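**Student:** What follows is a single structure, and I will ask about it in a moment.
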Amino acid sequence: MIHYQSTRGSKYIKTSARAIIQGIAEDKGLYVPNTIPALPFEIEDMMGKPYKKVAFEIINAFFEDYTDDDLLRCVESAYDDKFDAESVVPVVKAGDGYFLELYHGRTAAFKDMALSILPYLLTTAMKSENEEKKICILTATSGDTGKAALEGFADVEGTEIIVFYPNKGVSEVQERQMITQEGGNTHVFAINGNFDDAQTGVKKIFGDDDFIRELAQKGVKLSSANSINIGRLIPQVVYYVWGYIKLVERGVIKAGDKINVVVPTGNFGNILAAYYAGEMGIPVKQFICASNENKVLTDFINTGTYNTNREFFLTESPSMDILISSNLERLLYHLNGNDAGEIRELMDALDKHGKYTVSPKINYALDRFYGGYADTARANGMITELYRKNGYLIDTHTAVGYRVYEDYIAYTGDRTPTLIASTASPYKFAGSVARSIGLECGDDGFECIKAVEEATSVKVPYCLQGLDKKPVRHKGVVDPGEMMDSVRSSL
Ligand SMILES: *Cc1c(COP(=O)(O)O)cnc(C)c1O
């Protein structure tokens, strides 16, 4: 049976259910499968099958301790008509790529793909592991995870959900989505800091043994809805396999042919899921990792040195404004042949000096990753171009991905068919999108939604309609040092 172990070598191994409940390992490492399973089917056998079927097969291959009945129920409950696209994830050809539209869920960003199922995976795990404590989901967000987690966990029995987001570090629509969240168990705080401050604060709380004990006495256990939770990561593997199946179905490729994958990257969760799909047997030639001005990953892939000692930029792709990409730790662990020793040293160095340099072994294995970046002007230029030439609208994050992809083609001449992760609805970042296609709408995100809707034939996602009229329910603003107290006061 596949089990889950920490990237930092803790001797405790876990079932997937236990790893999902716990979120992060006791030595602060991340849970990883001890082996990545092979695809449990032939690609041809999945042609024409619904998304739910592919999702069940892939997740089942990783989470072997869930019974088939339980997992089926999770998948059925997650990928239902909450998604406003019948296929759940449409694959759309535009320009030079195939866009994997991951934003048709309840919050109009790709985080819904995993956070629609995580609450079911977690509550199922609590039952099977006889977990009696209340689970408190603690989440740092760069804008999209927070809302998707709030929607997923609102009023889920046995859970509380607390979200911290960077004050002024998210778009108006993103903020509005979070602070209007309903549900008796939801708590939202803006923090005076950026996403890294929020994420570091959350990790600190997870690592504070005294606080964990204090909560345990109150019958509360912490878990995470961030992509440090393996229950977030594995459901994201599904759509890369799905995208490949669609390309085979349409005759773009034959089963066994290689593809490239482009991912606009922040915390490295989404691109790591693509890597897992590759390790399962989806033939991927290059994983193209796209960053905005916060190009710490581009530099890392090109040099082998990860260095966070640099200026931090607030960009128009805020969900990628991240300098500490948590999930990279998992990739390094796998590239290192599942050896925790070096990983522990690297993460120590990151803590102490804000940087590290990987061994030649890891550096060599990074060859399958191409790193590139695009600043706001170059990225948003792609929104303009795709709309003018193809009538296709993408958001600011996807635009970073597409720009880097076009740079990749120019640099390599590689025309291998390519899936591009399209991570948010253009309406979620309507101001930037409107300006990019030549519309005037000022600073009001909601005015911009209207302007884009009137000028294009693209439908506004259901979840964003009427959002500006919803009452604000969460008003807390705290300093990073007050996060622990915020958790106390919420419980
Ligand atoms: C979260 C997010 C990303 C970055 O994804 P990671 O898994 O953190 O790399 C990119 N685009 C959007 C719209 C997001 O919400």
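Labels used: A, B, ... for chains in the order of the structure tokens, numbers from 1 for residues in each chain, and numbers from 1 for ligands as shown.
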Excluding A:Asp81 and any residue of its chain fewer than 2 positions from it, enumerate the residues within 12 Å of it, using only C-alpha atoms, and give them as a VMD selection string.
**Tutor:** chain A and resid 52 76 to 79 83 to 88 104 to 106 116 462
**Student:** Go ahead and write the residues just picked, N, CA, C and O atoms, as a PDB file, in the first residue's frame.
**Tutor:**
ATOM      1  N   LYS A  52     -15.405  12.836 -13.763  1.00  0.00           N
ATOM      2  CA  LYS A  52     -15.504  12.118 -12.483  1.00  0.00           C
ATOM      3  C   LYS A  52     -14.841  10.745 -12.537  1.00  0.00           C
ATOM      4  O   LYS A  52     -14.256  10.299 -11.557  1.00  0.00           O
ATOM      5  N   GLU A  76     -18.162  12.159  -6.610  1.00  0.00           N
ATOM      6  CA  GLU A  76     -19.503  12.514  -7.094  1.00  0.00           C
ATOM      7  C   GLU A  76     -19.973  13.833  -6.474  1.00  0.00           C
ATOM      8  O   GLU A  76     -20.594  14.664  -7.131  1.00  0.00           O
ATOM      9  N   SER A  77     -19.687  14.015  -5.188  1.00  0.00           N
ATOM     10  CA  SER A  77     -20.155  15.221  -4.506  1.00  0.00           C
ATOM     11  C   SER A  77     -19.369  16.453  -4.943  1.00  0.00           C
ATOM     12  O   SER A  77     -19.889  17.565  -4.906  1.00  0.00           O
ATOM     13  N   ALA A  78     -18.121  16.244  -5.322  1.00  0.00           N
ATOM     14  CA  ALA A  78     -17.247  17.381  -5.636  1.00  0.00           C
ATOM     15  C   ALA A  78     -17.506  17.939  -7.034  1.00  0.00           C
ATOM     16  O   ALA A  78     -17.654  19.145  -7.217  1.00  0.00           O
ATOM     17  N   TYR A  79     -17.508  17.062  -8.022  1.00  0.00           N
ATOM     18  CA  TYR A  79     -17.510  17.538  -9.420  1.00  0.00           C
ATOM     19  C   TYR A  79     -18.903  17.442 -10.023  1.00  0.00           C
ATOM     20  O   TYR A  79     -19.118  16.781 -11.031  1.00  0.00           O
ATOM     21  N   PHE A  83     -19.950  23.112 -10.983  1.00  0.00           N
ATOM     22  CA  PHE A  83     -19.116  23.556 -12.105  1.00  0.00           C
ATOM     23  C   PHE A  83     -20.016  23.998 -13.245  1.00  0.00           C
ATOM     24  O   PHE A  83     -20.938  23.272 -13.616  1.00  0.00           O
ATOM     25  N   ASP A  84     -19.741  25.189 -13.779  1.00  0.00           N
ATOM     26  CA  ASP A  84     -20.636  25.712 -14.805  1.00  0.00           C
ATOM     27  C   ASP A  84     -20.194  25.320 -16.212  1.00  0.00           C
ATOM     28  O   ASP A  84     -20.589  25.931 -17.191  1.00  0.00           O
ATOM     29  N   ALA A  85     -19.355  24.281 -16.303  1.00  0.00           N
ATOM     30  CA  ALA A  85     -19.031  23.711 -17.610  1.00  0.00           C
ATOM     31  C   ALA A  85     -19.369  22.227 -17.529  1.00  0.00           C
ATOM     32  O   ALA A  85     -18.994  21.559 -16.560  1.00  0.00           O
ATOM     33  N   GLU A  86     -20.073  21.747 -18.521  1.00  0.00           N
ATOM     34  CA  GLU A  86     -20.553  20.370 -18.453  1.00  0.00           C
ATOM     35  C   GLU A  86     -19.404  19.380 -18.328  1.00  0.00           C
ATOM     36  O   GLU A  86     -19.482  18.402 -17.604  1.00  0.00           O
ATOM     37  N   SER A  87     -18.291  19.661 -19.023  1.00  0.00           N
ATOM     38  CA  SER A  87     -17.171  18.726 -18.988  1.00  0.00           C
ATOM     39  C   SER A  87     -16.303  18.934 -17.743  1.00  0.00           C
ATOM     40  O   SER A  87     -15.312  18.246 -17.566  1.00  0.00           O
ATOM     41  N   VAL A  88     -16.647  19.882 -16.896  1.00  0.00           N
ATOM     42  CA  VAL A  88     -15.888  20.290 -15.702  1.00  0.00           C
ATOM     43  C   VAL A  88     -14.648  21.085 -16.105  1.00  0.00           C
ATOM     44  O   VAL A  88     -14.453  22.218 -15.665  1.00  0.00           O
ATOM     45  N   HIS A 104     -13.934  26.829 -13.776  1.00  0.00           N
ATOM     46  CA  HIS A 104     -15.398  26.788 -13.870  1.00  0.00           C
ATOM     47  C   HIS A 104     -16.093  26.391 -12.575  1.00  0.00           C
ATOM     48  O   HIS A 104     -17.275  26.085 -12.574  1.00  0.00           O
ATOM     49  N   GLY A 105     -15.353  26.381 -11.469  1.00  0.00           N
ATOM     50  CA  GLY A 105     -15.952  26.039 -10.172  1.00  0.00           C
ATOM     51  C   GLY A 105     -16.552  27.240  -9.471  1.00  0.00           C
ATOM     52  O   GLY A 105     -16.759  28.304 -10.070  1.00  0.00           O
ATOM     53  N   ARG A 106     -16.769  27.074  -8.169  1.00  0.00           N
ATOM     54  CA  ARG A 106     -17.567  28.027  -7.399  1.00  0.00           C
ATOM     55  C   ARG A 106     -16.898  29.367  -7.114  1.00  0.00           C
ATOM     56  O   ARG A 106     -17.549  30.301  -6.678  1.00  0.00           O
ATOM     57  N   SER A 116     -12.946  21.694  -3.953  1.00  0.00           N
ATOM     58  CA  SER A 116     -14.296  21.146  -4.006  1.00  0.00           C
ATOM     59  C   SER A 116     -14.319  19.741  -3.430  1.00  0.00           C
ATOM     60  O   SER A 116     -15.350  19.280  -2.950  1.00  0.00           O
ATOM     61  N   TYR A 462     -21.293  32.774 -12.627  1.00  0.00           N
ATOM     62  CA  TYR A 462     -22.417  32.899 -11.719  1.00  0.00           C
ATOM     63  C   TYR A 462     -21.973  33.420 -10.348  1.00  0.00           C
ATOM     64  O   TYR A 462     -22.611  34.288  -9.760  1.00  0.00           O
TER      65      TYR A 462
END
**Student:** Give me the residues within 12 Å of A:Lys218 as a list of chain:residue names, counting only C-alpha atoms and dropping any in the same chain fewer than 2 places off.
**Tutor:** A:Glu132, A:Lys133, A:Lys134, A:Ile135, A:Cys136, A:Phe211, A:Ile212, A:Arg213, A:Glu214, A:Leu215, A:Ala216, A:Val220, A:Lys221, A:Leu222, A:Arg488, A:Leu491
**Student:** Can you spit out the residues from that selection as a compact mmCIF listing (two decimals), in the first residue's frame, using all heavy atoms?
**Tutor:**
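The result, written out as selection-v7.txt:
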# COMPACT_ATOMS: atom_id res chain seq x y z
N GLU A 132 -11.83 12.37 16.75
CA GLU A 132 -12.97 12.93 17.47
C GLU A 132 -12.86 14.44 17.62
O GLU A 132 -13.83 15.10 17.92
CB GLU A 132 -13.06 12.29 18.84
CG GLU A 132 -13.00 10.78 18.72
CD GLU A 132 -13.96 10.08 19.63
OE1 GLU A 132 -13.90 10.33 20.84
OE2 GLU A 132 -14.77 9.27 19.11
N LYS A 133 -11.66 14.96 17.44
CA LYS A 133 -11.50 16.41 17.62
C LYS A 133 -12.14 17.17 16.47
O LYS A 133 -12.31 16.65 15.37
CB LYS A 133 -10.01 16.76 17.67
CG LYS A 133 -9.31 16.23 18.90
CD LYS A 133 -8.01 16.99 19.13
CE LYS A 133 -7.28 16.45 20.34
NZ LYS A 133 -6.77 15.07 20.10
N LYS A 134 -12.46 18.40 16.77
CA LYS A 134 -12.91 19.30 15.72
C LYS A 134 -11.67 19.70 14.90
O LYS A 134 -10.60 19.93 15.46
CB LYS A 134 -13.50 20.54 16.38
CG LYS A 134 -14.07 21.53 15.42
CD LYS A 134 -14.71 22.68 16.20
CE LYS A 134 -16.15 22.83 15.75
NZ LYS A 134 -16.77 24.03 16.31
N ILE A 135 -11.81 19.77 13.60
CA ILE A 135 -10.67 20.15 12.76
C ILE A 135 -10.77 21.63 12.42
O ILE A 135 -11.81 22.10 11.94
CB ILE A 135 -10.66 19.34 11.44
CG1 ILE A 135 -10.62 17.84 11.71
CG2 ILE A 135 -9.50 19.78 10.56
CD1 ILE A 135 -9.29 17.30 12.13
N CYS A 136 -9.70 22.34 12.70
CA CYS A 136 -9.66 23.76 12.35
C CYS A 136 -8.72 23.94 11.17
O CYS A 136 -7.53 23.68 11.26
CB CYS A 136 -9.18 24.57 13.54
SG CYS A 136 -8.88 26.28 13.11
N PHE A 211 1.09 25.71 21.60
CA PHE A 211 -0.21 26.14 21.09
C PHE A 211 -1.04 24.93 20.63
O PHE A 211 -2.25 24.86 20.86
CB PHE A 211 -0.01 27.14 19.94
CG PHE A 211 -1.29 27.79 19.49
CD1 PHE A 211 -2.06 28.54 20.37
CD2 PHE A 211 -1.71 27.66 18.18
CE1 PHE A 211 -3.24 29.14 19.96
CE2 PHE A 211 -2.89 28.26 17.75
CZ PHE A 211 -3.65 29.00 18.63
N ILE A 212 -0.36 23.98 19.99
CA ILE A 212 -1.05 22.76 19.53
C ILE A 212 -1.67 22.04 20.73
O ILE A 212 -2.80 21.55 20.68
CB ILE A 212 -0.06 21.81 18.81
CG1 ILE A 212 0.57 22.51 17.61
CG2 ILE A 212 -0.72 20.50 18.41
CD1 ILE A 212 -0.31 22.76 16.45
N ARG A 213 -0.89 21.99 21.85
CA ARG A 213 -1.40 21.33 23.06
C ARG A 213 -2.60 22.10 23.64
O ARG A 213 -3.59 21.49 24.04
CB ARG A 213 -0.27 21.23 24.10
CG ARG A 213 -0.07 19.79 24.56
CD ARG A 213 1.15 19.63 25.44
NE ARG A 213 2.38 19.63 24.66
CZ ARG A 213 3.44 20.41 24.89
NH1 ARG A 213 3.45 21.26 25.88
NH2 ARG A 213 4.52 20.33 24.12
N GLU A 214 -2.45 23.43 23.65
CA GLU A 214 -3.55 24.26 24.15
C GLU A 214 -4.84 23.98 23.36
O GLU A 214 -5.92 23.81 23.95
CB GLU A 214 -3.15 25.74 24.01
CG GLU A 214 -4.22 26.73 24.45
CD GLU A 214 -3.82 28.17 24.06
OE1 GLU A 214 -2.61 28.50 24.05
OE2 GLU A 214 -4.74 28.96 23.76
N LEU A 215 -4.71 23.88 22.03
CA LEU A 215 -5.89 23.61 21.21
C LEU A 215 -6.43 22.21 21.47
O LEU A 215 -7.64 21.99 21.54
CB LEU A 215 -5.56 23.77 19.72
CG LEU A 215 -5.25 25.18 19.24
CD1 LEU A 215 -4.98 25.18 17.74
CD2 LEU A 215 -6.40 26.14 19.55
N ALA A 216 -5.52 21.26 21.62
CA ALA A 216 -5.93 19.87 21.85
C ALA A 216 -6.79 19.78 23.11
O ALA A 216 -7.78 19.04 23.16
CB ALA A 216 -4.72 18.96 21.96
N VAL A 220 -9.56 20.66 19.77
CA VAL A 220 -9.38 21.16 18.40
C VAL A 220 -8.05 20.69 17.83
O VAL A 220 -7.03 20.65 18.53
CB VAL A 220 -9.41 22.71 18.38
CG1 VAL A 220 -9.13 23.24 16.99
CG2 VAL A 220 -10.75 23.23 18.88
N LYS A 221 -8.06 20.32 16.55
CA LYS A 221 -6.84 19.92 15.87
C LYS A 221 -6.70 20.76 14.61
O LYS A 221 -7.67 21.00 13.91
CB LYS A 221 -6.99 18.44 15.50
CG LYS A 221 -5.75 17.77 15.02
CD LYS A 221 -6.06 16.30 14.75
CE LYS A 221 -4.91 15.63 14.07
NZ LYS A 221 -3.74 15.44 14.92
N LEU A 222 -5.48 21.23 14.35
CA LEU A 222 -5.28 22.07 13.16
C LEU A 222 -5.04 21.22 11.92
O LEU A 222 -4.40 20.18 11.99
CB LEU A 222 -4.05 22.96 13.36
CG LEU A 222 -4.12 24.02 14.45
CD1 LEU A 222 -2.79 24.78 14.49
CD2 LEU A 222 -5.27 24.98 14.19
N ARG A 488 -7.13 31.92 18.36
CA ARG A 488 -7.77 31.74 19.67
C ARG A 488 -9.17 32.36 19.70
O ARG A 488 -10.12 31.74 20.13
CB ARG A 488 -6.92 32.44 20.74
CG ARG A 488 -5.87 31.55 21.35
CD ARG A 488 -5.34 32.12 22.66
NE ARG A 488 -4.08 31.46 22.98
CZ ARG A 488 -2.88 31.98 22.70
NH1 ARG A 488 -2.76 33.17 22.16
NH2 ARG A 488 -1.80 31.28 22.98
N LEU A 491 -11.99 30.52 17.90
CA LEU A 491 -12.45 29.15 18.28
C LEU A 491 -13.31 29.18 19.54
O LEU A 491 -13.14 29.96 20.42
CB LEU A 491 -11.23 28.25 18.47
CG LEU A 491 -10.46 28.00 17.20
CD1 LEU A 491 -9.18 27.22 17.48
CD2 LEU A 491 -11.30 27.24 16.17
**Student:** Extract, using only C-alpha atoms, all DNA, RNA and protein residues at most 7 Å from stretch 352-364 of chain A, discarding same-chain residues fewer than 5 positions from it, and format them as a PDB file with N, CA and C atoms, in the first residue's frame.
**Tutor:**
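Okay, this is what ended up in part21.pdb:
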ATOM      1  N   GLY A 304      20.105  26.822 -10.121  1.00  0.00           N
ATOM      2  CA  GLY A 304      20.241  25.867  -9.011  1.00  0.00           C
ATOM      3  C   GLY A 304      20.311  26.548  -7.653  1.00  0.00           C
ATOM      4  N   THR A 305      20.269  27.882  -7.652  1.00  0.00           N
ATOM      5  CA  THR A 305      20.244  28.602  -6.372  1.00  0.00           C
ATOM      6  C   THR A 305      18.880  29.252  -6.176  1.00  0.00           C
ATOM      7  N   TYR A 306      18.290  28.968  -5.008  1.00  0.00           N
ATOM      8  CA  TYR A 306      17.000  29.553  -4.657  1.00  0.00           C
ATOM      9  C   TYR A 306      17.272  30.679  -3.690  1.00  0.00           C
ATOM     10  N   ASN A 307      16.937  31.901  -4.072  1.00  0.00           N
ATOM     11  CA  ASN A 307      17.315  33.049  -3.255  1.00  0.00           C
ATOM     12  C   ASN A 307      16.139  34.006  -3.074  1.00  0.00           C
ATOM     13  N   THR A 308      15.650  34.064  -1.835  1.00  0.00           N
ATOM     14  CA  THR A 308      14.497  34.933  -1.551  1.00  0.00           C
ATOM     15  C   THR A 308      14.924  36.337  -1.128  1.00  0.00           C
ATOM     16  N   ASN A 309      16.242  36.558  -1.035  1.00  0.00           N
ATOM     17  CA  ASN A 309      16.725  37.891  -0.649  1.00  0.00           C
ATOM     18  C   ASN A 309      16.658  38.815  -1.856  1.00  0.00           C
ATOM     19  N   LEU A 332      12.027  18.689  -4.939  1.00  0.00           N
ATOM     20  CA  LEU A 332      13.440  18.442  -4.645  1.00  0.00           C
ATOM     21  C   LEU A 332      13.616  17.066  -4.003  1.00  0.00           C
ATOM     22  N   LEU A 335      13.311  14.504  -6.770  1.00  0.00           N
ATOM     23  CA  LEU A 335      14.456  14.545  -7.692  1.00  0.00           C
ATOM     24  C   LEU A 335      15.712  14.001  -7.013  1.00  0.00           C
ATOM     25  N   ASN A 336      15.698  14.031  -5.701  1.00  0.00           N
ATOM     26  CA  ASN A 336      16.853  13.579  -4.936  1.00  0.00           C
ATOM     27  C   ASN A 336      16.750  12.094  -4.595  1.00  0.00           C
ATOM     28  N   LEU A 346      18.674  21.961   3.134  1.00  0.00           N
ATOM     29  CA  LEU A 346      18.272  23.076   2.275  1.00  0.00           C
ATOM     30  C   LEU A 346      17.218  23.942   2.964  1.00  0.00           C
TER      31      LEU A 346
END
**Student:** Using only C-alpha atoms and all ligand atoms, find the one residue out of A:Gln177, A:Thr124, A:Asn338, A:Thr396 that sits nearest to ligand 1.
**Tutor:**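 Ranking A:Gln177, A:Thr124, A:Asn338, A:Thr396 by distance to ligand 1, first place goes to A:Thr396.
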**Student:** Using only C-alpha atoms, find the one residue out of A:Ala377, A:Ala273, A:Leu419, A:Ile383 that sits nearest to A:Val252.
**Tutor:**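 Closest to A:Val252, using only C-alpha atoms: A:Leu419.
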**Student:** May I have the residues within 6 Å of ligand 1, computed using only C-alpha atoms and all ligand atoms, as an NGL selection string?
**Tutor:** :A and (109 or 144 or 264-270 or 319-320 or 397 or 423-424)
**Student:** One decimal, in Å: what's the spacing between atom CA of A:Asp375 and atom CA of A:Val400?
**Tutor:** 7.7 Å
**Student:** Here is a test: counting only C-alpha atoms, which residue of A:Met126, A:Ile409, A:Met280, A:Ala190 is nearest to A:Pro37?
**Tutor:** A:Met280
**Student:** Need the shell around A:Ala149: protein/DNA/RNA residues with any atom at most 9 Å away, counting only C-alpha atoms. Skip same-chain ones fewer than 6 positions apart. Format as an MDAnalysis selection string?
**Tutor:** chainID A and resid 111:112 115:116 118:119 137 139 161 163 225:226
**Student:** Compile a residue-level contact table for stretch 28-125 of chain A against stretch 236-240 of chain A at a cut-off of 9 Å, reporting for every qualifying residue the shortest atom pair and its distance in Å to one decimal, with only C-alpha atoms counted, rows ordered by chain and ascending number, as a Markdown table.
**Tutor:**
| residue | atom | partner | partner_atom | distance |
| --- | --- | --- | --- | --- |
| A:Tyr51 | CA | A:Tyr239 | CA | 8.3 |
| A:Val54 | CA | A:Val238 | CA | 6.8 |
| A:Ala55 | CA | A:Val238 | CA | 5.5 |
| A:Phe56 | CA | A:Val238 | CA | 8.8 |
| A:Glu57 | CA | A:Val238 | CA | 8.8 |
| A:Ile58 | CA | A:Val238 | CA | 6.2 |
| A:Ile59 | CA | A:Val238 | CA | 7.5 |
| A:Val89 | CA | A:Tyr239 | CA | 7.3 |
| A:Leu100 | CA | A:Tyr239 | CA | 8.0 |
| A:Leu102 | CA | A:Tyr239 | CA | 8.2 |
| A:Lys111 | CA | A:Gln236 | CA | 8.9 |
| A:Met113 | CA | A:Gln236 | CA | 6.6 |
| A:Ala114 | CA | A:Gln236 | CA | 6.1 |
**Student:** Would you save the residues from that selection as a CSV table (one decimal), in the first residue's frame, using N, CA, C and O atoms?
**Tutor:**
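As written to disk, again-v6.csv reads:
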chain,number,residue,atom,x,y,z
A,51,TYR,N,-15.3,13.4,-16.5
A,51,TYR,CA,-14.2,13.9,-15.6
A,51,TYR,C,-14.2,13.1,-14.3
A,51,TYR,O,-13.1,12.7,-13.8
A,54,VAL,N,-12.3,9.8,-14.5
A,54,VAL,CA,-10.9,9.9,-14.5
A,54,VAL,C,-10.4,10.3,-13.1
A,54,VAL,O,-9.4,9.8,-12.6
A,55,ALA,N,-11.2,11.2,-12.5
A,55,ALA,CA,-10.8,11.7,-11.1
A,55,ALA,C,-10.8,10.5,-10.1
A,55,ALA,O,-9.8,10.3,-9.4
A,56,PHE,N,-11.8,9.7,-10.2
A,56,PHE,CA,-11.9,8.5,-9.3
A,56,PHE,C,-10.6,7.6,-9.5
A,56,PHE,O,-10.0,7.3,-8.5
A,57,GLU,N,-10.3,7.3,-10.7
A,57,GLU,CA,-9.2,6.4,-11.0
A,57,GLU,C,-7.9,6.9,-10.5
A,57,GLU,O,-7.1,6.2,-10.0
A,58,ILE,N,-7.6,8.2,-10.8
A,58,ILE,CA,-6.3,8.8,-10.4
A,58,ILE,C,-6.2,8.9,-8.9
A,58,ILE,O,-5.2,8.5,-8.3
A,59,ILE,N,-7.2,9.5,-8.3
A,59,ILE,CA,-7.1,9.7,-6.8
A,59,ILE,C,-7.1,8.3,-6.1
A,59,ILE,O,-6.3,8.2,-5.1
A,89,VAL,N,-13.8,20.5,-16.9
A,89,VAL,CA,-12.6,21.2,-17.4
A,89,VAL,C,-12.6,21.2,-18.9
A,89,VAL,O,-12.1,20.2,-19.6
A,100,LEU,N,-6.3,24.7,-20.7
A,100,LEU,CA,-7.0,23.8,-19.8
A,100,LEU,C,-7.8,24.7,-18.8
A,100,LEU,O,-7.2,25.3,-17.9
A,102,LEU,N,-9.5,25.8,-16.0
A,102,LEU,CA,-9.6,25.2,-14.6
A,102,LEU,C,-10.5,26.0,-13.7
A,102,LEU,O,-10.5,25.8,-12.5
A,111,LYS,N,-8.3,26.8,-7.9
A,111,LYS,CA,-8.2,26.3,-6.5
A,111,LYS,C,-9.5,25.4,-6.3
A,111,LYS,O,-9.5,24.5,-5.4
A,113,MET,N,-10.7,23.2,-8.1
A,113,MET,CA,-10.5,21.9,-8.6
A,113,MET,C,-10.2,20.9,-7.4
A,113,MET,O,-10.7,19.8,-7.3
A,114,ALA,N,-9.4,21.4,-6.5
A,114,ALA,CA,-9.0,20.6,-5.3
A,114,ALA,C,-9.9,20.9,-4.1
A,114,ALA,O,-10.2,20.0,-3.4
**Student:** Which residues, written as a list in words, have at least one atom at most 8 Å from A:Gly97, with only C-alpha atoms counted and residues fewer than 2 positions away on the same chain left out?
**Tutor:** Lys93, Ala94, Gly95, Phe99, Pro417, Thr418, Leu419 and Ile420 of chain A
**Student:** Give the answer as one residue: which of A:Gly372, A:Gly143, A:Pro480, A:Gly231 has the shortest atom-to-atom distance to A:Asn294, using only C-alpha atoms?
**Tutor:**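 Checking each candidate against A:Asn294, we get A:Gly372 as the closest.
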